[in-house]
Amino acid sequence: MFYLTVETKMTGKLSVISPFLIVCVLLFCGGCKTSSASAPDRSAKLSKQVDQKVPPEDKKKAAMLKKIENKFENPEAHFELGRIYQTEGLFSKAEHEYNTTLSFNPSHRKAQASLVKVLTDSGNKTKAATAADLFMNQVCASAQESLKLGLEFKQQGLGDYALACYMQALTLAPNSAKINKQIGYHYLSKGDKTKAREYLSRSFQLDPSQSEVAAELGKMGVAVRISQQKTGKNTSKVDKIVDQYEKAKK
């Protein structure tokens, strides 16, 4: 063991410092540096823990509000914010956001169907019916847009409005296998097998390659044979819309 001897300036006397005291001083200084160096790490970890506790919907809401703050004329941001409010049961706020969406994009079919759904769920069924009629009139000259609106109504669980759109589309494109199919499935979901058989049979007649339609007809006692030949004409664009929606659901 050794001892360190130092001379103080004040007294000129020699003092003896033990090794134990030296070690304590060094450990104290080192500890301060370690503590100081690790402070940012602890702060980052704490921030991460707090961020993990924030619900995903709150994060998304904050992101949409930020987008709207940066550019108010952003229909998609308003629509997504409206969906969040709709999920939360804040129907007035959702209605406002959907109306804002439509003010920037009047043909936003998802927003149209969502607005009708919000009005229905909030108990304002008269206003919902008026809005649905308005939107249907906007697309009354297009089988494709009528079908799109109908599919969006279906997504919102608004079957009666969806059927009205399908019928409107069928008037414009009577040889569409997919429109007939949608109408057939609607009646099947309602338990009306007579009408379901009528429209599904017509759909299969126009497109005998539909194995799922053949299966449903088989359950109802209708004998069919699957083929790759399609008899429907000039309906490819309309039918593709249904294909796109079905793929998006998977």
# chains A, B, ... in the order shown; residues from 1 in each chain; ligands from 1
$ residues_around --residues "segment 73-82 of chain A" --least-positions-apart "5" --cutoff "8 Å" --atoms "only C-alpha atoms" --output "PDB file with N, CA and C atoms, in the first residue's frame"
ATOM      1  N   LYS A  61     -55.078  10.179 -36.261  1.00  0.00           N
ATOM      2  CA  LYS A  61     -55.832  11.424 -36.193  1.00  0.00           C
ATOM      3  C   LYS A  61     -54.893  12.625 -36.195  1.00  0.00           C
ATOM      4  N   MET A  64     -53.546  13.142 -39.689  1.00  0.00           N
ATOM      5  CA  MET A  64     -54.509  13.754 -40.598  1.00  0.00           C
ATOM      6  C   MET A  64     -54.696  15.243 -40.296  1.00  0.00           C
ATOM      7  N   LEU A  65     -54.748  15.584 -39.023  1.00  0.00           N
ATOM      8  CA  LEU A  65     -54.880  16.995 -38.637  1.00  0.00           C
ATOM      9  C   LEU A  65     -53.672  17.799 -39.105  1.00  0.00           C
ATOM     10  N   LYS A  67     -51.827  17.069 -41.751  1.00  0.00           N
ATOM     11  CA  LYS A  67     -51.951  17.217 -43.201  1.00  0.00           C
ATOM     12  C   LYS A  67     -52.928  18.333 -43.557  1.00  0.00           C
ATOM     13  N   ILE A  68     -54.029  18.388 -42.812  1.00  0.00           N
ATOM     14  CA  ILE A  68     -55.028  19.423 -43.071  1.00  0.00           C
ATOM     15  C   ILE A  68     -54.465  20.804 -42.727  1.00  0.00           C
ATOM     16  N   LYS A  93     -69.045  15.470 -36.103  1.00  0.00           N
ATOM     17  CA  LYS A  93     -67.717  15.766 -36.626  1.00  0.00           C
ATOM     18  C   LYS A  93     -67.451  14.978 -37.908  1.00  0.00           C
ATOM     19  N   ALA A  94     -67.894  13.723 -37.925  1.00  0.00           N
ATOM     20  CA  ALA A  94     -67.713  12.895 -39.119  1.00  0.00           C
ATOM     21  C   ALA A  94     -68.480  13.481 -40.296  1.00  0.00           C
ATOM     22  N   GLU A  95     -69.712  13.900 -40.039  1.00  0.00           N
ATOM     23  CA  GLU A  95     -70.531  14.514 -41.089  1.00  0.00           C
ATOM     24  C   GLU A  95     -69.849  15.754 -41.659  1.00  0.00           C
ATOM     25  N   HIS A  96     -69.284  16.562 -40.785  1.00  0.00           N
ATOM     26  CA  HIS A  96     -68.585  17.780 -41.220  1.00  0.00           C
ATOM     27  C   HIS A  96     -67.396  17.437 -42.115  1.00  0.00           C
ATOM     28  N   GLU A  97     -66.622  16.434 -41.719  1.00  0.00           N
ATOM     29  CA  GLU A  97     -65.445  16.061 -42.508  1.00  0.00           C
ATOM     30  C   GLU A  97     -65.827  15.463 -43.857  1.00  0.00           C
ATOM     31  N   TYR A  98     -66.903  14.668 -43.891  1.00  0.00           N
ATOM     32  CA  TYR A  98     -67.339  14.087 -45.157  1.00  0.00           C
ATOM     33  C   TYR A  98     -67.871  15.174 -46.100  1.00  0.00           C
ATOM     34  N   THR A 100     -66.897  18.240 -46.075  1.00  0.00           N
ATOM     35  CA  THR A 100     -65.708  18.967 -46.524  1.00  0.00           C
ATOM     36  C   THR A 100     -65.004  18.204 -47.644  1.00  0.00           C
ATOM     37  N   THR A 101     -64.931  16.885 -47.486  1.00  0.00           N
ATOM     38  CA  THR A 101     -64.334  16.033 -48.528  1.00  0.00           C
ATOM     39  C   THR A 101     -65.053  16.231 -49.852  1.00  0.00           C
ATOM     40  N   LEU A 102     -66.390  16.203 -49.797  1.00  0.00           N
ATOM     41  CA  LEU A 102     -67.185  16.322 -51.016  1.00  0.00           C
ATOM     42  C   LEU A 102     -67.143  17.720 -51.610  1.00  0.00           C
ATOM     43  N   PHE A 104     -64.463  19.383 -51.910  1.00  0.00           N
ATOM     44  CA  PHE A 104     -63.236  19.386 -52.705  1.00  0.00           C
ATOM     45  C   PHE A 104     -63.253  18.309 -53.797  1.00  0.00           C
ATOM     46  N   ASN A 105     -63.991  17.214 -53.547  1.00  0.00           N
ATOM     47  CA  ASN A 105     -64.091  16.127 -54.525  1.00  0.00           C
ATOM     48  C   ASN A 105     -65.539  15.616 -54.543  1.00  0.00           C
ATOM     49  N   ALA A 111     -66.886   8.743 -49.635  1.00  0.00           N
ATOM     50  CA  ALA A 111     -67.368   9.795 -48.741  1.00  0.00           C
ATOM     51  C   ALA A 111     -68.885   9.927 -48.831  1.00  0.00           C
TER      52      ALA A 111
END
$ atom_distance --atom1 "atom CA of Lys237 of chain A" --atom2 "atom CA of Lys178 of chain A"
10.6 Å
$ select_by_dssp --residues "segment 116-229 of chain A" --states "alpha helix (DSSP H)" --output "JSON, numbers by chain"
{"A": [116, 117, 118, 119, 120, 121, 125, 126, 127, 128, 129, 130, 131, 132, 133, 134, 135, 136, 137, 138, 143, 144, 145, 146, 147, 148, 149, 150, 151, 152, 153, 154, 155, 159, 160, 161, 162, 163, 164, 165, 166, 167, 168, 169, 170, 171, 172, 177, 178, 179, 180, 181, 182, 183, 184, 185, 186, 187, 188, 189, 193, 194, 195, 196, 197, 198, 199, 200, 201, 202, 203, 204, 205, 206, 211, 212, 213, 214, 215, 216, 217, 218, 219]}
$ residues_around --residues "Asp207 of chain A" --least-positions-apart "2" --cutoff "6 Å" --atoms "only C-alpha atoms" --output "compact mmCIF listing (two decimals) with N, CA and C atoms, in the first residue's frame"
# COMPACT_ATOMS: atom_id res chain seq x y z
N ALA A 177 -72.74 -9.32 -66.33
CA ALA A 177 -72.84 -10.50 -65.46
C ALA A 177 -72.64 -10.11 -64.00
N PHE A 204 -75.00 -16.11 -64.57
CA PHE A 204 -74.25 -17.27 -65.03
C PHE A 204 -74.43 -17.49 -66.53
N GLN A 205 -75.59 -17.15 -67.02
CA GLN A 205 -75.85 -17.26 -68.46
C GLN A 205 -74.92 -16.32 -69.24
N SER A 209 -68.29 -18.85 -66.57
CA SER A 209 -67.02 -19.20 -65.92
C SER A 209 -67.05 -18.91 -64.42
N LYS A 230 -67.79 -16.41 -72.42
CA LYS A 230 -68.68 -15.37 -71.93
C LYS A 230 -69.59 -14.90 -73.06
$ residues_around --residues "Thr120 of chain A" --least-positions-apart "6" --cutoff "10 Å" --atoms "only C-alpha atoms" --output "PyMOL selection string"
chain A and resi 91+114+126-129+158
$ write_last_selection --atoms "N, CA and C atoms" --output "PDB file, in the first residue's frame"
ATOM      1  N   PHE A  91     -70.581  11.558 -34.650  1.00  0.00           N
ATOM      2  CA  PHE A  91     -71.242  11.656 -35.939  1.00  0.00           C
ATOM      3  C   PHE A  91     -71.266  13.071 -36.508  1.00  0.00           C
ATOM      4  N   SER A 114     -70.354   7.008 -46.936  1.00  0.00           N
ATOM      5  CA  SER A 114     -70.057   7.170 -45.507  1.00  0.00           C
ATOM      6  C   SER A 114     -70.936   8.259 -44.889  1.00  0.00           C
ATOM      7  N   THR A 126     -84.254  10.787 -42.663  1.00  0.00           N
ATOM      8  CA  THR A 126     -84.812  11.597 -43.751  1.00  0.00           C
ATOM      9  C   THR A 126     -83.710  12.318 -44.509  1.00  0.00           C
ATOM     10  N   LYS A 127     -82.796  12.903 -43.770  1.00  0.00           N
ATOM     11  CA  LYS A 127     -81.654  13.588 -44.375  1.00  0.00           C
ATOM     12  C   LYS A 127     -80.761  12.592 -45.110  1.00  0.00           C
ATOM     13  N   ALA A 128     -80.638  11.383 -44.558  1.00  0.00           N
ATOM     14  CA  ALA A 128     -79.826  10.341 -45.193  1.00  0.00           C
ATOM     15  C   ALA A 128     -80.435   9.945 -46.541  1.00  0.00           C
ATOM     16  N   ALA A 129     -81.760   9.776 -46.581  1.00  0.00           N
ATOM     17  CA  ALA A 129     -82.438   9.394 -47.821  1.00  0.00           C
ATOM     18  C   ALA A 129     -82.308  10.496 -48.869  1.00  0.00           C
ATOM     19  N   LEU A 158     -75.450  -0.602 -46.090  1.00  0.00           N
ATOM     20  CA  LEU A 158     -76.683   0.047 -46.527  1.00  0.00           C
ATOM     21  C   LEU A 158     -77.230  -0.708 -47.735  1.00  0.00           C
TER      22      LEU A 158
END
$ residues_around --residues "Asn137 of chain A" --least-positions-apart "6" --cutoff "10 Å" --atoms "only C-alpha atoms" --output "PyMOL selection string"
chain A and resi 131+146+165+168
$ atom_distance --atom1 "atom CA of Val139 of chain A" --atom2 "atom CA of Arg109 of chain A"
10.1 Å
$ residues_around --residues "Ala162 of chain A" --least-positions-apart "2" --cutoff "8 Å" --atoms "only C-alpha atoms" --output "short mmCIF file (atom, residue, chain, number, x, y, z; two decimals) with C-alpha atoms, in the first residue's frame"
data_model
loop_
_atom_site.label_atom_id
_atom_site.label_comp_id
_atom_site.auth_asym_id
_atom_site.auth_seq_id
_atom_site.Cartn_x
_atom_site.Cartn_y
_atom_site.Cartn_z
CA LEU A 149 -71.72 3.94 -55.45
CA GLY A 150 -73.73 0.77 -54.89
CA LEU A 151 -70.65 -1.17 -53.83
CA GLU A 152 -69.72 1.60 -51.39
CA PHE A 153 -73.22 1.54 -49.92
CA LYS A 154 -72.81 -2.21 -49.53
CA LEU A 158 -76.68 0.05 -46.53
CA GLY A 159 -78.21 -2.79 -48.54
CA ASP A 160 -81.35 -1.02 -49.75
CA ALA A 164 -81.19 0.84 -55.82
CA CYS A 165 -77.79 1.66 -57.33
CA TYR A 166 -77.42 -1.85 -58.78
#
$ closest_residue --among "A:Ala141, A:Ile183, A:Val116, A:Ile84" --to "Lys59 of chain A" --atoms "only C-alpha atoms"
A:Ile84
$ atom_distance --atom1 "atom CA of Leu206 of chain A" --atom2 "atom CA of Met220 of chain A"
18.7 Å
$ decode --residues "segment 116-157 of chain A" --atoms "N, CA and C atoms" --output "PDB file, in the first residue's frame"
ATOM      1  N   VAL A 116     -73.981   9.117 -45.876  1.00  0.00           N
ATOM      2  CA  VAL A 116     -75.327   8.546 -45.722  1.00  0.00           C
ATOM      3  C   VAL A 116     -75.369   7.614 -44.509  1.00  0.00           C
ATOM      4  N   LYS A 117     -74.306   6.845 -44.310  1.00  0.00           N
ATOM      5  CA  LYS A 117     -74.241   5.941 -43.156  1.00  0.00           C
ATOM      6  C   LYS A 117     -74.244   6.712 -41.844  1.00  0.00           C
ATOM      7  N   VAL A 118     -73.464   7.781 -41.772  1.00  0.00           N
ATOM      8  CA  VAL A 118     -73.393   8.593 -40.552  1.00  0.00           C
ATOM      9  C   VAL A 118     -74.747   9.233 -40.247  1.00  0.00           C
ATOM     10  N   LEU A 119     -75.390   9.742 -41.283  1.00  0.00           N
ATOM     11  CA  LEU A 119     -76.713  10.351 -41.080  1.00  0.00           C
ATOM     12  C   LEU A 119     -77.729   9.313 -40.618  1.00  0.00           C
ATOM     13  N   THR A 120     -77.638   8.106 -41.164  1.00  0.00           N
ATOM     14  CA  THR A 120     -78.541   7.026 -40.762  1.00  0.00           C
ATOM     15  C   THR A 120     -78.310   6.632 -39.303  1.00  0.00           C
ATOM     16  N   ASP A 121     -77.043   6.438 -38.949  1.00  0.00           N
ATOM     17  CA  ASP A 121     -76.707   6.011 -37.588  1.00  0.00           C
ATOM     18  C   ASP A 121     -77.007   7.087 -36.545  1.00  0.00           C
ATOM     19  N   SER A 122     -76.975   8.339 -36.959  1.00  0.00           N
ATOM     20  CA  SER A 122     -77.260   9.423 -36.011  1.00  0.00           C
ATOM     21  C   SER A 122     -78.758   9.659 -35.842  1.00  0.00           C
ATOM     22  N   GLY A 123     -79.567   8.881 -36.580  1.00  0.00           N
ATOM     23  CA  GLY A 123     -81.025   8.978 -36.431  1.00  0.00           C
ATOM     24  C   GLY A 123     -81.687   9.919 -37.412  1.00  0.00           C
ATOM     25  N   ASN A 124     -80.907  10.526 -38.293  1.00  0.00           N
ATOM     26  CA  ASN A 124     -81.464  11.469 -39.264  1.00  0.00           C
ATOM     27  C   ASN A 124     -81.705  10.746 -40.586  1.00  0.00           C
ATOM     28  N   LYS A 125     -82.660   9.837 -40.590  1.00  0.00           N
ATOM     29  CA  LYS A 125     -82.895   8.987 -41.750  1.00  0.00           C
ATOM     30  C   LYS A 125     -83.474   9.758 -42.935  1.00  0.00           C
ATOM     31  N   THR A 126     -84.254  10.787 -42.663  1.00  0.00           N
ATOM     32  CA  THR A 126     -84.812  11.597 -43.751  1.00  0.00           C
ATOM     33  C   THR A 126     -83.710  12.318 -44.509  1.00  0.00           C
ATOM     34  N   LYS A 127     -82.796  12.903 -43.770  1.00  0.00           N
ATOM     35  CA  LYS A 127     -81.654  13.588 -44.375  1.00  0.00           C
ATOM     36  C   LYS A 127     -80.761  12.592 -45.110  1.00  0.00           C
ATOM     37  N   ALA A 128     -80.638  11.383 -44.558  1.00  0.00           N
ATOM     38  CA  ALA A 128     -79.826  10.341 -45.193  1.00  0.00           C
ATOM     39  C   ALA A 128     -80.435   9.945 -46.541  1.00  0.00           C
ATOM     40  N   ALA A 129     -81.760   9.776 -46.581  1.00  0.00           N
ATOM     41  CA  ALA A 129     -82.438   9.394 -47.821  1.00  0.00           C
ATOM     42  C   ALA A 129     -82.308  10.496 -48.869  1.00  0.00           C
ATOM     43  N   THR A 130     -82.403  11.742 -48.428  1.00  0.00           N
ATOM     44  CA  THR A 130     -82.261  12.871 -49.356  1.00  0.00           C
ATOM     45  C   THR A 130     -80.865  12.902 -49.960  1.00  0.00           C
ATOM     46  N   ALA A 131     -79.860  12.668 -49.116  1.00  0.00           N
ATOM     47  CA  ALA A 131     -78.474  12.655 -49.588  1.00  0.00           C
ATOM     48  C   ALA A 131     -78.248  11.497 -50.555  1.00  0.00           C
ATOM     49  N   ALA A 132     -78.788  10.330 -50.227  1.00  0.00           N
ATOM     50  CA  ALA A 132     -78.629   9.156 -51.095  1.00  0.00           C
ATOM     51  C   ALA A 132     -79.255   9.406 -52.463  1.00  0.00           C
ATOM     52  N   ASP A 133     -80.446  10.000 -52.489  1.00  0.00           N
ATOM     53  CA  ASP A 133     -81.112  10.313 -53.762  1.00  0.00           C
ATOM     54  C   ASP A 133     -80.280  11.295 -54.578  1.00  0.00           C
ATOM     55  N   LEU A 134     -79.713  12.281 -53.906  1.00  0.00           N
ATOM     56  CA  LEU A 134     -78.875  13.271 -54.587  1.00  0.00           C
ATOM     57  C   LEU A 134     -77.665  12.613 -55.241  1.00  0.00           C
ATOM     58  N   PHE A 135     -77.003  11.742 -54.489  1.00  0.00           N
ATOM     59  CA  PHE A 135     -75.811  11.067 -55.012  1.00  0.00           C
ATOM     60  C   PHE A 135     -76.153  10.114 -56.155  1.00  0.00           C
ATOM     61  N   MET A 136     -77.293   9.428 -56.033  1.00  0.00           N
ATOM     62  CA  MET A 136     -77.714   8.511 -57.094  1.00  0.00           C
ATOM     63  C   MET A 136     -78.063   9.267 -58.374  1.00  0.00           C
ATOM     64  N   ASN A 137     -78.670  10.444 -58.226  1.00  0.00           N
ATOM     65  CA  ASN A 137     -78.992  11.263 -59.396  1.00  0.00           C
ATOM     66  C   ASN A 137     -77.730  11.751 -60.098  1.00  0.00           C
ATOM     67  N   GLN A 138     -76.676  11.964 -59.327  1.00  0.00           N
ATOM     68  CA  GLN A 138     -75.419  12.424 -59.908  1.00  0.00           C
ATOM     69  C   GLN A 138     -74.812  11.377 -60.853  1.00  0.00           C
ATOM     70  N   VAL A 139     -75.087  10.099 -60.579  1.00  0.00           N
ATOM     71  CA  VAL A 139     -74.479   9.017 -61.366  1.00  0.00           C
ATOM     72  C   VAL A 139     -75.491   8.283 -62.247  1.00  0.00           C
ATOM     73  N   CYS A 140     -76.689   8.848 -62.401  1.00  0.00           N
ATOM     74  CA  CYS A 140     -77.762   8.128 -63.084  1.00  0.00           C
ATOM     75  C   CYS A 140     -77.479   7.856 -64.566  1.00  0.00           C
ATOM     76  N   ALA A 141     -76.516   8.561 -65.144  1.00  0.00           N
ATOM     77  CA  ALA A 141     -76.203   8.360 -66.567  1.00  0.00           C
ATOM     78  C   ALA A 141     -75.020   7.419 -66.772  1.00  0.00           C
ATOM     79  N   SER A 142     -74.460   6.884 -65.678  1.00  0.00           N
ATOM     80  CA  SER A 142     -73.272   6.029 -65.794  1.00  0.00           C
ATOM     81  C   SER A 142     -73.471   4.717 -65.033  1.00  0.00           C
ATOM     82  N   ALA A 143     -73.394   3.616 -65.789  1.00  0.00           N
ATOM     83  CA  ALA A 143     -73.501   2.304 -65.152  1.00  0.00           C
ATOM     84  C   ALA A 143     -72.318   2.064 -64.223  1.00  0.00           C
ATOM     85  N   GLN A 144     -71.135   2.496 -64.647  1.00  0.00           N
ATOM     86  CA  GLN A 144     -69.934   2.281 -63.842  1.00  0.00           C
ATOM     87  C   GLN A 144     -70.006   3.026 -62.512  1.00  0.00           C
ATOM     88  N   GLU A 145     -70.372   4.294 -62.573  1.00  0.00           N
ATOM     89  CA  GLU A 145     -70.424   5.094 -61.345  1.00  0.00           C
ATOM     90  C   GLU A 145     -71.585   4.676 -60.448  1.00  0.00           C
ATOM     91  N   SER A 146     -72.678   4.258 -61.036  1.00  0.00           N
ATOM     92  CA  SER A 146     -73.810   3.749 -60.248  1.00  0.00           C
ATOM     93  C   SER A 146     -73.393   2.489 -59.497  1.00  0.00           C
ATOM     94  N   LEU A 147     -72.650   1.633 -60.192  1.00  0.00           N
ATOM     95  CA  LEU A 147     -72.162   0.406 -59.571  1.00  0.00           C
ATOM     96  C   LEU A 147     -71.169   0.713 -58.450  1.00  0.00           C
ATOM     97  N   LYS A 148     -70.266   1.654 -58.693  1.00  0.00           N
ATOM     98  CA  LYS A 148     -69.297   2.046 -57.665  1.00  0.00           C
ATOM     99  C   LYS A 148     -70.000   2.540 -56.413  1.00  0.00           C
ATOM    100  N   LEU A 149     -70.988   3.406 -56.597  1.00  0.00           N
ATOM    101  CA  LEU A 149     -71.722   3.939 -55.449  1.00  0.00           C
ATOM    102  C   LEU A 149     -72.456   2.817 -54.722  1.00  0.00           C
ATOM    103  N   GLY A 150     -73.036   1.902 -55.497  1.00  0.00           N
ATOM    104  CA  GLY A 150     -73.735   0.773 -54.885  1.00  0.00           C
ATOM    105  C   GLY A 150     -72.806  -0.101 -54.059  1.00  0.00           C
ATOM    106  N   LEU A 151     -71.621  -0.357 -54.572  1.00  0.00           N
ATOM    107  CA  LEU A 151     -70.646  -1.166 -53.830  1.00  0.00           C
ATOM    108  C   LEU A 151     -70.194  -0.472 -52.552  1.00  0.00           C
ATOM    109  N   GLU A 152     -70.091   0.859 -52.596  1.00  0.00           N
ATOM    110  CA  GLU A 152     -69.718   1.602 -51.386  1.00  0.00           C
ATOM    111  C   GLU A 152     -70.852   1.585 -50.362  1.00  0.00           C
ATOM    112  N   PHE A 153     -72.076   1.660 -50.837  1.00  0.00           N
ATOM    113  CA  PHE A 153     -73.217   1.536 -49.924  1.00  0.00           C
ATOM    114  C   PHE A 153     -73.208   0.147 -49.266  1.00  0.00           C
ATOM    115  N   LYS A 154     -72.888  -0.858 -50.064  1.00  0.00           N
ATOM    116  CA  LYS A 154     -72.815  -2.215 -49.531  1.00  0.00           C
ATOM    117  C   LYS A 154     -71.751  -2.301 -48.440  1.00  0.00           C
ATOM    118  N   GLN A 155     -70.593  -1.672 -48.672  1.00  0.00           N
ATOM    119  CA  GLN A 155     -69.512  -1.676 -47.687  1.00  0.00           C
ATOM    120  C   GLN A 155     -69.944  -1.060 -46.369  1.00  0.00           C
ATOM    121  N   GLN A 156     -70.848  -0.096 -46.444  1.00  0.00           N
ATOM    122  CA  GLN A 156     -71.341   0.575 -45.245  1.00  0.00           C
ATOM    123  C   GLN A 156     -72.542  -0.138 -44.619  1.00  0.00           C
ATOM    124  N   GLY A 157     -72.928  -1.259 -45.207  1.00  0.00           N
ATOM    125  CA  GLY A 157     -74.068  -2.003 -44.663  1.00  0.00           C
ATOM    126  C   GLY A 157     -75.408  -1.398 -45.019  1.00  0.00           C
TER     127      GLY A 157
END
